[in-house]
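Peer 1: I am sharing final-v7.cif, which consists of mmCIF, C-alpha atoms and all ligand atoms:
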data_target
#
loop_
_atom_site.label_atom_id
_atom_site.label_comp_id
_atom_site.auth_asym_id
_atom_site.auth_seq_id
_atom_site.Cartn_x
_atom_site.Cartn_y
_atom_site.Cartn_z
CA MET A 300 24.70 -6.65 5.37
CA THR A 301 21.29 -5.69 4.11
CA ALA A 302 19.84 -2.48 5.47
CA MET A 303 16.58 -3.34 7.19
CA VAL A 304 13.79 -1.71 9.04
CA THR A 305 13.37 -3.64 12.29
CA LEU A 306 10.82 -4.07 15.07
CA PRO A 307 12.08 -1.16 17.25
CA ASP A 308 11.71 1.21 14.25
CA ILE A 309 8.14 0.03 13.76
CA GLU A 310 7.26 0.32 17.45
CA GLU A 311 8.67 3.85 17.42
CA ALA A 312 6.60 4.64 14.30
CA ARG A 313 3.50 3.40 16.07
CA ARG A 314 4.03 5.79 18.99
CA ARG A 315 4.78 8.62 16.57
CA ILE A 316 1.67 8.26 14.38
CA ALA A 317 -0.80 7.35 17.15
CA GLY A 318 -3.57 9.92 17.10
CA HIS A 319 -2.94 10.76 13.43
CA VAL A 320 -4.10 7.46 11.91
CA VAL A 321 -6.96 5.04 12.56
CA ARG A 322 -6.28 1.72 14.30
CA THR A 323 -8.32 -0.28 11.80
CA PRO A 324 -10.47 -3.29 12.72
CA LEU A 325 -9.48 -6.93 12.11
CA MET A 326 -12.79 -8.47 11.08
CA ARG A 327 -13.47 -12.21 10.96
CA SER A 328 -14.84 -13.37 7.62
CA GLN A 329 -17.33 -16.17 8.08
CA ALA A 330 -17.42 -16.88 4.35
CA LEU A 331 -13.64 -17.18 3.93
CA SER A 332 -13.14 -19.30 7.10
CA ARG A 333 -13.65 -22.67 5.45
CA GLN A 334 -11.19 -24.97 7.22
CA PRO A 335 -11.49 -25.83 10.91
CA GLY A 336 -8.65 -24.18 12.83
CA ALA A 337 -8.02 -21.71 10.03
CA PRO A 338 -10.22 -18.67 10.64
CA VAL A 339 -9.68 -15.84 8.14
CA PHE A 340 -9.64 -12.17 9.17
CA LEU A 341 -9.67 -8.98 7.12
CA LYS A 342 -7.43 -6.06 8.21
CA LEU A 343 -9.61 -3.25 6.92
CA GLU A 344 -7.31 -0.44 5.74
CA ASN A 345 -10.09 0.67 3.42
CA HIS A 346 -11.42 2.18 6.67
CA GLN A 347 -8.19 4.16 7.12
CA GLU A 348 -8.44 7.94 6.77
CA THR A 349 -7.88 8.79 3.03
CA GLY A 350 -9.10 5.27 2.15
CA SER A 351 -5.75 3.47 2.22
CA PHE A 352 -2.88 2.42 4.51
CA LYS A 353 -0.55 4.92 2.76
CA LEU A 354 -1.39 7.49 5.44
CA ARG A 355 0.61 5.47 7.99
CA GLY A 356 3.90 5.67 6.08
CA ALA A 357 3.41 9.24 4.86
CA THR A 358 2.62 10.43 8.39
CA ASN A 359 5.56 8.61 9.96
CA ALA A 360 8.03 9.81 7.32
CA SER A 361 6.80 13.39 7.74
CA LEU A 362 7.10 13.20 11.52
CA CYS A 363 10.68 11.85 11.18
CA LEU A 364 11.69 15.13 9.51
CA THR A 365 13.06 17.94 11.63
CA GLU A 366 10.47 20.57 12.48
CA ASP A 367 12.33 23.00 10.24
CA ALA A 368 12.34 20.61 7.26
CA ARG A 369 8.65 19.82 7.79
CA SER A 370 7.71 23.48 7.96
CA ARG A 371 9.22 24.04 4.49
CA GLY A 372 6.61 21.68 3.07
CA LEU A 373 6.19 18.16 1.68
CA ALA A 374 6.49 17.27 -2.00
CA THR A 375 5.71 14.16 -4.00
CA ALA A 376 4.54 13.10 -7.45
CA SER A 377 1.90 10.42 -6.92
CA THR A 378 -1.56 10.66 -8.48
CA GLY A 379 -2.93 7.89 -6.33
CA ASN A 380 -3.19 6.89 -2.70
CA HIS A 381 0.29 8.13 -1.76
CA GLY A 382 -0.38 11.65 -3.08
CA ARG A 383 -3.64 11.72 -1.20
CA ALA A 384 -1.91 10.52 1.99
CA VAL A 385 0.86 13.13 1.76
CA ALA A 386 -1.70 15.89 1.14
CA HIS A 387 -3.72 14.76 4.17
CA ALA A 388 -0.65 14.30 6.42
CA ALA A 389 0.51 17.84 5.58
CA GLY A 390 -2.87 19.19 6.66
CA THR A 391 -2.96 17.36 10.00
CA LEU A 392 0.71 18.12 10.77
CA GLY A 393 0.26 21.82 10.05
CA THR A 394 2.45 22.14 6.98
CA ARG A 395 1.83 22.41 3.24
CA ALA A 396 2.16 19.89 0.42
CA THR A 397 2.91 20.29 -3.26
CA ILE A 398 1.89 17.38 -5.46
CA CYS A 399 3.49 17.45 -8.93
CA LEU A 400 1.44 15.83 -11.68
CA SER A 401 1.82 15.47 -15.41
CA ALA A 402 -0.69 17.04 -17.79
CA LEU A 403 -2.00 13.53 -18.56
CA VAL A 404 -3.58 13.13 -15.12
CA PRO A 405 -7.40 13.36 -15.34
CA ALA A 406 -9.07 16.47 -13.92
CA ASN A 407 -11.06 14.58 -11.26
CA LYS A 408 -7.82 13.27 -9.71
CA VAL A 409 -6.33 16.77 -9.73
CA GLU A 410 -9.46 18.09 -8.00
CA ALA A 411 -9.41 15.30 -5.39
CA ILE A 412 -5.87 16.24 -4.34
CA ARG A 413 -6.62 19.99 -4.40
CA SER A 414 -9.64 19.45 -2.20
CA LEU A 415 -7.34 18.09 0.53
CA GLY A 416 -5.66 21.50 0.60
CA ALA A 417 -2.51 20.58 -1.32
CA GLU A 418 -1.04 22.68 -4.11
CA VAL A 419 -1.11 20.83 -7.42
CA ARG A 420 1.59 21.66 -9.95
CA ILE A 421 1.02 20.44 -13.50
CA VAL A 422 4.36 19.84 -15.24
CA GLY A 423 5.28 18.06 -18.46
CA HIS A 424 3.74 14.95 -19.91
CA SER A 425 5.07 12.05 -17.88
CA GLN A 426 5.68 10.83 -14.34
CA ASP A 427 9.40 11.46 -14.96
CA ASP A 428 8.71 15.14 -15.75
CA ALA A 429 6.64 15.42 -12.56
CA MET A 430 9.45 13.79 -10.55
CA ARG A 431 11.98 16.28 -11.97
CA GLU A 432 9.84 19.12 -10.63
CA VAL A 433 9.81 17.44 -7.20
CA GLU A 434 13.62 17.30 -7.33
CA ARG A 435 13.71 21.00 -8.18
CA LEU A 436 11.37 21.85 -5.27
CA VAL A 437 13.70 19.90 -2.97
CA SER A 438 16.98 21.41 -4.21
CA GLU A 439 15.82 25.00 -4.84
CA GLU A 440 13.03 25.54 -2.33
CA GLY A 441 14.11 23.18 0.44
CA MET A 442 10.90 21.15 0.40
CA SER A 443 11.01 17.55 1.67
CA PHE A 444 10.34 14.63 -0.68
CA VAL A 445 8.13 11.94 0.87
CA PRO A 446 8.89 8.77 -1.16
CA PRO A 447 6.08 6.30 -1.85
CA PHE A 448 7.76 3.10 -0.62
CA ASP A 449 11.58 2.91 -0.63
CA ASP A 450 12.18 4.82 2.58
CA ALA A 451 12.82 3.66 6.15
CA GLY A 452 10.21 5.97 7.67
CA VAL A 453 7.56 4.94 5.15
CA ILE A 454 8.29 1.21 5.63
CA ALA A 455 8.17 1.52 9.43
CA GLY A 456 4.84 3.35 9.19
CA GLN A 457 3.30 0.63 7.01
CA GLY A 458 4.75 -1.96 9.41
CA THR A 459 2.44 -0.73 12.18
CA ILE A 460 -0.24 -2.82 10.41
CA GLY A 461 1.82 -5.91 11.26
CA LEU A 462 2.01 -4.92 14.94
CA GLU A 463 -1.76 -4.50 15.10
CA ILE A 464 -2.35 -7.89 13.44
CA ALA A 465 0.05 -9.65 15.85
CA GLU A 466 -1.76 -8.01 18.77
CA ASP A 467 -5.28 -8.85 17.63
CA LEU A 468 -4.43 -12.35 16.35
CA PRO A 469 -1.47 -13.60 18.45
CA ASP A 470 -1.50 -17.09 16.89
CA VAL A 471 -1.51 -15.78 13.29
CA ALA A 472 -0.04 -18.38 10.91
CA LEU A 473 -0.40 -16.65 7.54
CA VAL A 474 -0.51 -13.00 6.41
CA LEU A 475 -1.48 -12.05 2.84
CA VAL A 476 -0.18 -8.64 1.73
CA PRO A 477 -0.70 -6.74 -1.55
CA LEU A 478 2.69 -6.13 -3.20
CA SER A 479 3.82 -3.29 -5.49
CA GLY A 480 6.90 -1.24 -4.54
CA GLY A 481 7.05 -3.35 -1.40
CA GLY A 482 6.85 -0.73 1.36
CA LEU A 483 3.74 -2.36 2.78
CA ALA A 484 5.00 -5.94 2.48
CA SER A 485 8.46 -5.08 3.88
CA GLY A 486 7.04 -3.32 6.93
CA VAL A 487 4.35 -5.90 7.67
CA ALA A 488 6.78 -8.81 7.22
CA ALA A 489 9.42 -7.16 9.45
CA ALA A 490 6.87 -6.80 12.27
CA ILE A 491 5.24 -10.23 11.86
CA LYS A 492 8.52 -12.18 11.56
CA GLU A 493 9.72 -10.76 14.88
CA ARG A 494 6.45 -11.03 16.77
CA GLN A 495 5.37 -14.41 15.37
CA PRO A 496 8.43 -16.02 13.69
CA GLN A 497 6.62 -19.15 12.49
CA ALA A 498 3.98 -17.16 10.59
CA LYS A 499 4.27 -17.02 6.80
CA VAL A 500 3.99 -13.70 4.95
CA VAL A 501 2.98 -13.91 1.29
CA GLY A 502 2.97 -11.02 -1.21
CA ILE A 503 0.27 -10.79 -3.87
CA SER A 504 0.42 -8.95 -7.20
CA MET A 505 -1.34 -8.99 -10.55
CA GLU A 506 -0.02 -11.06 -13.45
CA ARG A 507 0.13 -7.90 -15.59
CA GLY A 508 3.25 -5.81 -14.96
CA ALA A 509 4.30 -6.82 -11.43
CA ALA A 510 7.74 -5.23 -11.06
CA MET A 511 8.66 -6.64 -7.63
CA ALA A 512 7.66 -10.19 -8.55
CA ALA A 513 9.75 -10.00 -11.75
CA SER A 514 12.68 -8.47 -9.84
CA LEU A 515 12.58 -11.15 -7.11
CA ALA A 516 12.51 -13.87 -9.76
CA ALA A 517 15.49 -12.27 -11.56
CA GLY A 518 17.45 -11.65 -8.36
CA ALA A 519 17.82 -7.89 -9.00
CA PRO A 520 15.59 -4.84 -9.54
CA LEU A 521 14.11 -4.90 -13.04
CA GLU A 522 11.99 -2.56 -15.08
CA VAL A 523 8.75 -3.99 -16.43
CA GLN A 524 6.32 -2.48 -18.87
CA GLU A 525 3.39 -0.86 -17.11
CA VAL A 526 0.00 -2.11 -18.32
CA GLU A 527 -3.55 -1.37 -17.30
CA THR A 528 -4.90 -3.53 -14.47
CA LEU A 529 -7.86 -3.59 -12.09
CA ALA A 530 -5.24 -3.42 -9.32
CA ASP A 531 -4.13 0.03 -10.50
CA SER A 532 -2.56 0.91 -7.12
CA LEU A 533 -0.12 -1.99 -7.66
CA GLY A 534 1.30 -0.56 -10.93
CA GLY A 535 4.68 1.13 -11.33
CA GLY A 536 8.30 0.09 -10.89
CA ILE A 537 10.45 -0.52 -7.80
CA GLY A 538 13.34 1.68 -8.98
CA LEU A 539 16.55 0.26 -10.48
CA ASP A 540 18.40 1.94 -7.61
CA ASN A 541 16.11 0.37 -4.99
CA ARG A 542 17.74 0.65 -1.55
CA LEU A 543 15.49 -1.17 0.93
CA THR A 544 12.30 -2.85 -0.24
CA PHE A 545 13.82 -5.24 -2.80
CA ALA A 546 16.19 -6.78 -0.24
CA MET A 547 13.55 -6.82 2.50
CA CYS A 548 10.97 -8.55 0.28
CA ARG A 549 13.64 -11.02 -0.91
CA ASP A 550 14.67 -11.85 2.66
CA LEU A 551 11.31 -11.73 4.46
CA LEU A 552 8.55 -12.88 2.10
CA ASP A 553 7.82 -16.62 2.01
CA ASP A 554 6.19 -16.52 -1.41
CA VAL A 555 4.66 -14.28 -4.09
CA ILE A 556 1.35 -15.11 -5.79
CA LEU A 557 0.17 -13.59 -9.09
CA LEU A 558 -3.47 -13.11 -10.05
CA SER A 559 -5.39 -12.72 -13.30
CA GLU A 560 -7.74 -9.79 -13.91
CA ASP A 561 -10.79 -12.07 -13.56
CA GLU A 562 -9.53 -13.31 -10.20
CA ILE A 563 -9.05 -9.74 -8.97
CA ALA A 564 -12.56 -8.81 -10.15
CA ALA A 565 -13.95 -11.78 -8.20
CA GLY A 566 -12.15 -10.51 -5.09
CA ILE A 567 -13.69 -7.03 -5.47
CA ARG A 568 -17.17 -8.56 -5.90
CA HIS A 569 -16.77 -10.89 -2.92
CA ALA A 570 -15.69 -7.95 -0.75
CA ALA A 571 -18.79 -6.00 -1.80
CA VAL A 572 -21.48 -8.65 -1.91
CA VAL A 573 -20.39 -11.03 0.87
CA GLU A 574 -18.32 -8.89 3.26
CA GLY A 575 -20.11 -5.57 2.69
CA GLU A 576 -16.83 -3.73 2.07
CA ILE A 577 -15.95 -1.30 -0.72
CA VAL A 578 -12.47 -2.43 -1.78
CA GLU A 579 -10.33 -1.38 -4.74
CA GLY A 580 -8.52 -3.92 -6.95
CA ALA A 581 -5.19 -3.67 -5.10
CA GLY A 582 -6.99 -4.10 -1.79
CA ALA A 583 -8.88 -7.19 -2.93
CA VAL A 584 -5.93 -9.35 -4.05
CA GLY A 585 -5.62 -11.26 -0.75
CA ILE A 586 -9.30 -12.20 -0.81
CA ALA A 587 -8.93 -13.04 -4.51
CA ALA A 588 -5.96 -15.36 -3.88
CA LEU A 589 -8.02 -17.40 -1.39
CA LEU A 590 -11.08 -17.51 -3.65
CA ALA A 591 -8.93 -18.64 -6.58
CA GLY A 592 -7.48 -21.46 -4.46
CA LYS A 593 -3.93 -20.17 -5.04
CA ILE A 594 -3.18 -20.47 -1.33
CA ARG A 595 -4.81 -22.60 1.40
CA PRO A 596 -4.80 -21.30 4.97
CA ASP A 597 -3.77 -24.00 7.46
CA GLY A 598 -4.01 -21.75 10.52
CA PRO A 599 -5.31 -18.33 11.57
CA THR A 600 -4.96 -16.03 8.57
CA ALA A 601 -4.94 -12.25 8.20
CA ILE A 602 -5.55 -10.57 4.86
CA VAL A 603 -4.42 -6.95 4.50
CA VAL A 604 -7.25 -5.17 2.65
CA SER A 605 -5.08 -2.22 1.70
CA GLY A 606 -7.51 0.33 0.29
CA GLY A 607 -10.93 1.24 -1.01
CA ASN A 608 -10.38 4.04 -3.52
CA ILE A 609 -11.91 2.70 -6.71
CA ASP A 610 -13.26 4.68 -9.64
CA PRO A 611 -17.09 4.64 -9.26
CA ALA A 612 -17.78 3.86 -12.93
CA LEU A 613 -15.32 0.95 -12.95
CA TYR A 614 -16.79 -0.29 -9.66
CA ARG A 615 -20.33 -0.35 -11.06
CA GLN A 616 -19.08 -2.21 -14.12
CA ILE A 617 -17.35 -4.89 -12.02
CA LEU A 618 -20.32 -5.37 -9.70
CA SER A 619 -22.80 -5.67 -12.56
CA SER A 620 -20.89 -8.26 -14.60
CA ILE A 621 -20.45 -11.93 -13.84
CA LYS A 622 -16.98 -11.97 -15.38
CA THR A 623 -14.97 -8.91 -16.26
CA GLY A 624 -11.48 -7.68 -16.89
CA VAL A 625 -10.06 -4.37 -18.01
CA ALA A 626 -10.07 -5.46 -21.64
C1 LIG B 1 0.35 1.58 -2.69
C2 LIG B 1 -0.67 0.52 -2.51
C3 LIG B 1 -0.32 -0.84 -2.42
C4 LIG B 1 1.10 -1.34 -2.58
O1 LIG B 1 1.98 -0.82 -1.61
P1 LIG B 1 3.55 -0.90 -1.85
O2 LIG B 1 4.15 -0.40 -0.59
O3 LIG B 1 3.88 -0.03 -3.03
O4 LIG B 1 3.89 -2.33 -2.14
C5 LIG B 1 -1.34 -1.76 -2.19
N1 LIG B 1 -2.63 -1.37 -2.09
C6 LIG B 1 -3.00 -0.09 -2.16
C7 LIG B 1 -4.44 0.26 -2.02
C8 LIG B 1 -2.04 0.92 -2.37
O5 LIG B 1 -2.41 2.20 -2.46
#
Show how you would write the structure in this file as structure tokens.
Peer 2:
Amino acid sequence: MTAMVTLPDIEEARRRIAGHVVRTPLMRSQALSRQPGAPVFLKLENHQETGSFKLRGATNASLCLTEDARSRGLATASTGNHGRAVAHAAGTLGTRATICLSALVPANKVEAIRSLGAEVRIVGHSQDDAMREVERLVSEEGMSFVPPFDDAGVIAGQGTIGLEIAEDLPDVALVLVPLSGGGLASGVAAAIKERQPQAKVVGISMERGAAMAASLAAGAPLEVQEVETLADSLGGGIGLDNRLTFAMCRDLLDDVILLSEDEIAAGIRHAAVVEGEIVEGAGAVGIAALLAGKIRPDGPTAIVVSGGNIDPALYRQILSSIKTGVA
């Protein structure tokens, strides 16, 4: 029996995090609605507090802790949207957060996390070194680790996006979800498959270094080499000891689509120029998959636009070039 997060967990998460997170809009895209009977909608998590959906999972996981555990503080090791979400959740829930980072993390990212009121601890020269410090904070100081994706509370929190989509678009036929560690895709698919069983849920990653896609193809969690990509929030592994998200993605996703860097850049530009939305690479992959013709909606479609935190210099470069990649 595969351990799964199910609809009641997600409904409970929704009650728990209400008031701490934004119920984001589902906006119809005129430009992407090209087939009759197949309107396309954007679920705008770039409008979420902290600029990404990660706040949902981080807030739910933190609220699942006992009051005593929460009061001893939250710890994690992410430089990106998850670190930002944990720092913000700690502030709104009245506790403290320690974010462990390696010395390689750029100063502006360190400052961004500090400015949310979290303590930043610089340790070692790799993500593994930073994670070892998190483990020490947990075992020696009793702090609580908030994992980025492979955690029932995190998955249920991300799944609240699926509940909102099913409510706003009851006849949804297709949901496109960005896919990295799979917390988002697992939660959204668990909610959608129960609320609207005939709807398809498709995960989308970049061609460069997609660990979940490679693991699903191999039938077991795999390590892949991490490479630079415009969808930087989709980088990183799924953990060789993955407990939940590998099995949930394997059992619940109908398909996985991979995108080139040029396709992702086109998605970012479309979001900006046509939809008027600032969207980071990871958040633009659903739009990009439609634009690239890699999937054709044949019914009402919801695209999860997962975040908007993009480096300003990179953003200007993408918007000012007709074709661009990282290289
Ligand atoms: C973390 C993240 C994802 C991927 O979420 P997973 O749960 O790791 O699959 C997608 N988009 C953005 C903006 C993110 O920050």
Peer 1: Between A:Ile412, A:Ala374, A:Val572, A:Ala317, which one has atoms that come closest to Thr349 of chain A, using all atoms listed in the file?
Peer 2: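 Of A:Ile412, A:Ala374, A:Val572, A:Ala317, the one nearest Thr349 of chain A, counting all atoms listed in the file, is A:Ile412.
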Peer 1: Quick one: 3 Å padding each side, axis-aligned, all listed atoms of ligand LIG 1 (chain B) - centre and edge lengths in Å to one decimal, as JSON?
Peer 2:
{"center_x": -0.1, "center_y": -0.1, "center_z": -1.8, "size_x": 14.6, "size_y": 10.5, "size_z": 8.4}
Peer 1: Skip segment 487-499 of chain A itself and residues of its chain fewer than 3 positions away, then list as a ChimeraX atom specification all residues within 10 Å of it, counting all atoms listed in the file.
Peer 2: /A:303-310,454-466,469-476,481-484,502,547-548,550-554,598-600,603
Peer 1: Considering only C-alpha atoms and all ligand atoms, tabulate each residue of chain A that lies at most 6 Å from ligand LIG 1 (chain B) along with its nearest interatomic pair and the corresponding distance in Å to one decimal; arrange the rows by chain and ascending residue number and present them as JSON lines.
Peer 2:
{"residue": "A:Ser351", "atom": "CA", "partner": "B:LIG1", "partner_atom": "C7", "distance": 5.5}
{"residue": "A:Asn380", "atom": "CA", "partner": "B:LIG1", "partner_atom": "O5", "distance": 4.8}
{"residue": "A:Phe448", "atom": "CA", "partner": "B:LIG1", "partner_atom": "O2", "distance": 5.0}
{"residue": "A:Pro477", "atom": "CA", "partner": "B:LIG1", "partner_atom": "C5", "distance": 5.1}
{"residue": "A:Leu478", "atom": "CA", "partner": "B:LIG1", "partner_atom": "O4", "distance": 4.1}
{"residue": "A:Ser479", "atom": "CA", "partner": "B:LIG1", "partner_atom": "O4", "distance": 3.5}
{"residue": "A:Gly480", "atom": "CA", "partner": "B:LIG1", "partner_atom": "O3", "distance": 3.6}
{"residue": "A:Gly481", "atom": "CA", "partner": "B:LIG1", "partner_atom": "O4", "distance": 3.4}
{"residue": "A:Gly482", "atom": "CA", "partner": "B:LIG1", "partner_atom": "O2", "distance": 3.3}
{"residue": "A:Leu483", "atom": "CA", "partner": "B:LIG1", "partner_atom": "O2", "distance": 3.9}
{"residue": "A:Ala484", "atom": "CA", "partner": "B:LIG1", "partner_atom": "O4", "distance": 6.0}
{"residue": "A:Ser532", "atom": "CA", "partner": "B:LIG1", "partner_atom": "C8", "distance": 4.8}
{"residue": "A:Leu533", "atom": "CA", "partner": "B:LIG1", "partner_atom": "C4", "distance": 5.3}
{"residue": "A:Ala581", "atom": "CA", "partner": "B:LIG1", "partner_atom": "N1", "distance": 4.6}
{"residue": "A:Gly582", "atom": "CA", "partner": "B:LIG1", "partner_atom": "C7", "distance": 5.1}
{"residue": "A:Ser605", "atom": "CA", "partner": "B:LIG1", "partner_atom": "C7", "distance": 4.5}
{"residue": "A:Gly606", "atom": "CA", "partner": "B:LIG1", "partner_atom": "C7", "distance": 3.8}
Peer 1: Would you please work out which residue, of A:Leu373, A:Ala386, A:Ile617, A:Ala396, is nearest to Lys353 of chain A when using all atoms listed in the file?
Peer 2: A:Ala386
Peer 1: Using all atoms listed in the file, find the one residue out of A:Glu439, A:Glu560, A:Glu348, A:Asp428 that sits nearest to Thr323 of chain A.
Peer 2: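 The closest residue to Thr323 of chain A is A:Glu348.
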Peer 1: When you count all atoms listed in the file, which of these residues is closest to Val500 of chain A: A:Thr397, A:Leu521, A:Ala601, A:Gly566?
Peer 2: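 That would be A:Ala601, the residue with the smallest distance to Val500 of chain A.
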Peer 1: Give me the residues near Pro596 of chain A as a VMD selection string, where near means some atom within 9 Å (using only C-alpha atoms) and where sequence neighbours in that chain fewer than 4 positions away do not count.
Peer 2: chain A and resid 332 to 334 337 to 339 472 to 473 589 600
Peer 1: Taking C-alpha atoms for each residue, export the selection above as a tab-separated table (two decimals), in the frame of the given file.
Peer 2:
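Once written, selection.tsv looks like this:
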chain	number	residue	atom	x	y	z
A	332	SER	CA	-13.14	-19.30	7.10
A	333	ARG	CA	-13.65	-22.67	5.45
A	334	GLN	CA	-11.19	-24.97	7.22
A	337	ALA	CA	-8.02	-21.71	10.03
A	338	PRO	CA	-10.22	-18.67	10.64
A	339	VAL	CA	-9.68	-15.84	8.14
A	472	ALA	CA	-0.04	-18.38	10.91
A	473	LEU	CA	-0.40	-16.65	7.54
A	589	LEU	CA	-8.02	-17.40	-1.39
A	600	THR	CA	-4.96	-16.03	8.57
Peer 1: Find, counting all atoms listed in the file, the residue in A:Ala510, A:Met505, A:Val433, A:Ile537 that gets nearest to Ala587 of chain A.
Peer 2: A:Met505
Peer 1: Work out how far atom CA of Gln616 of chain A is from atom CA of Gly534 of chain A, in Å to one decimal.
Peer 2: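 So the answer is 20.7 Å.
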Peer 1: In Å to one decimal, how far is atom CA of Ile563 of chain A from atom CA of Val584 of chain A?
Peer 2: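 Answer for the atom CA of Val584 of chain A to atom CA of Ile563 of chain A separation: 5.8 Å.
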Peer 1: Work out how far apart atom CA of Arg355 of chain A and atom CA of Pro324 of chain A are and give it in Å to one decimal.
Peer 2: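 Separation between atom CA of Arg355 of chain A and atom CA of Pro324 of chain A: 14.9 Å.
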Peer 1: Which one is closest to Ala512 of chain A: A:Leu557, A:Leu436, A:Ile577, A:Ile609? Count only C-alpha atoms.
Peer 2: A:Leu557
Peer 1: For a cut-off of 6 Å around (13.7, -7.6, -5.5), file coordinates, pick out all residues using all atoms listed in the file and list them as an MDAnalysis selection string.
Peer 2: chainID A and resid 511 514:515 519:520 545:546 549
Peer 1: Excluding same-chain residues fewer than 5 positions from Arg371 of chain A, what lies within 10 Å of it counting only C-alpha atoms, as a ChimeraX atom specification?
Peer 2: /A:366,394-396,437,440-443
Peer 1: Skip Glu574 of chain A itself and residues of its chain fewer than 3 positions away, then list as JSON, numbers by chain all residues within 9 Å of it, counting all atoms listed in the file.
Peer 2: {"A": [328, 329, 330, 569, 570, 571, 577]}
Peer 1: Could you write segment 603-621 of chain A as a PDB file, keeping the file's coordinate frame, with N, CA and C atoms rebuilt where they are missing?
Peer 2:
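See out-v1.pdb below for the written result:
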ATOM      1  N   VAL A 603      -4.462  -8.420   4.476  1.00  0.00           N
ATOM      2  CA  VAL A 603      -4.420  -6.950   4.500  1.00  0.00           C
ATOM      3  C   VAL A 603      -5.247  -6.431   3.319  1.00  0.00           C
ATOM      4  N   VAL A 604      -6.378  -5.816   3.642  1.00  0.00           N
ATOM      5  CA  VAL A 604      -7.250  -5.170   2.650  1.00  0.00           C
ATOM      6  C   VAL A 604      -6.788  -3.718   2.604  1.00  0.00           C
ATOM      7  N   SER A 605      -5.921  -3.414   1.599  1.00  0.00           N
ATOM      8  CA  SER A 605      -5.080  -2.220   1.700  1.00  0.00           C
ATOM      9  C   SER A 605      -5.754  -0.899   1.363  1.00  0.00           C
ATOM     10  N   GLY A 606      -6.889  -0.944   0.623  1.00  0.00           N
ATOM     11  CA  GLY A 606      -7.510   0.330   0.290  1.00  0.00           C
ATOM     12  C   GLY A 606      -8.855   0.182  -0.389  1.00  0.00           C
ATOM     13  N   GLY A 607      -9.578   1.274  -0.461  1.00  0.00           N
ATOM     14  CA  GLY A 607     -10.930   1.240  -1.010  1.00  0.00           C
ATOM     15  C   GLY A 607     -11.214   2.296  -2.055  1.00  0.00           C
ATOM     16  N   ASN A 608     -10.148   2.933  -2.579  1.00  0.00           N
ATOM     17  CA  ASN A 608     -10.380   4.040  -3.520  1.00  0.00           C
ATOM     18  C   ASN A 608     -10.472   3.527  -4.949  1.00  0.00           C
ATOM     19  N   ILE A 609     -11.693   3.230  -5.364  1.00  0.00           N
ATOM     20  CA  ILE A 609     -11.910   2.700  -6.710  1.00  0.00           C
ATOM     21  C   ILE A 609     -12.790   3.661  -7.488  1.00  0.00           C
ATOM     22  N   ASP A 610     -12.482   3.812  -8.774  1.00  0.00           N
ATOM     23  CA  ASP A 610     -13.260   4.680  -9.640  1.00  0.00           C
ATOM     24  C   ASP A 610     -14.718   4.194  -9.672  1.00  0.00           C
ATOM     25  N   PRO A 611     -15.693   5.075  -9.374  1.00  0.00           N
ATOM     26  CA  PRO A 611     -17.090   4.640  -9.260  1.00  0.00           C
ATOM     27  C   PRO A 611     -17.632   3.963 -10.520  1.00  0.00           C
ATOM     28  N   ALA A 612     -17.259   4.456 -11.687  1.00  0.00           N
ATOM     29  CA  ALA A 612     -17.780   3.860 -12.930  1.00  0.00           C
ATOM     30  C   ALA A 612     -17.228   2.447 -13.114  1.00  0.00           C
ATOM     31  N   LEU A 613     -15.948   2.279 -12.858  1.00  0.00           N
ATOM     32  CA  LEU A 613     -15.320   0.950 -12.950  1.00  0.00           C
ATOM     33  C   LEU A 613     -15.965   0.006 -11.935  1.00  0.00           C
ATOM     34  N   TYR A 614     -16.207   0.524 -10.736  1.00  0.00           N
ATOM     35  CA  TYR A 614     -16.790  -0.290  -9.660  1.00  0.00           C
ATOM     36  C   TYR A 614     -18.160  -0.822 -10.067  1.00  0.00           C
ATOM     37  N   ARG A 615     -18.988   0.071 -10.611  1.00  0.00           N
ATOM     38  CA  ARG A 615     -20.330  -0.350 -11.060  1.00  0.00           C
ATOM     39  C   ARG A 615     -20.228  -1.431 -12.123  1.00  0.00           C
ATOM     40  N   GLN A 616     -19.265  -1.245 -13.025  1.00  0.00           N
ATOM     41  CA  GLN A 616     -19.080  -2.210 -14.120  1.00  0.00           C
ATOM     42  C   GLN A 616     -18.691  -3.581 -13.555  1.00  0.00           C
ATOM     43  N   ILE A 617     -17.794  -3.608 -12.600  1.00  0.00           N
ATOM     44  CA  ILE A 617     -17.350  -4.890 -12.020  1.00  0.00           C
ATOM     45  C   ILE A 617     -18.487  -5.565 -11.269  1.00  0.00           C
ATOM     46  N   LEU A 618     -19.245  -4.778 -10.515  1.00  0.00           N
ATOM     47  CA  LEU A 618     -20.320  -5.370  -9.700  1.00  0.00           C
ATOM     48  C   LEU A 618     -21.461  -5.879 -10.576  1.00  0.00           C
ATOM     49  N   SER A 619     -21.645  -5.289 -11.751  1.00  0.00           N
ATOM     50  CA  SER A 619     -22.800  -5.670 -12.560  1.00  0.00           C
ATOM     51  C   SER A 619     -22.476  -6.782 -13.558  1.00  0.00           C
ATOM     52  N   SER A 620     -21.217  -7.200 -13.643  1.00  0.00           N
ATOM     53  CA  SER A 620     -20.890  -8.260 -14.600  1.00  0.00           C
ATOM     54  C   SER A 620     -20.473  -9.522 -13.852  1.00  0.00           C
ATOM     55  N   ILE A 621     -20.813 -10.652 -14.450  1.00  0.00           N
ATOM     56  CA  ILE A 621     -20.450 -11.930 -13.840  1.00  0.00           C
ATOM     57  C   ILE A 621     -18.934 -12.125 -13.966  1.00  0.00           C
TER      58      ILE A 621
END
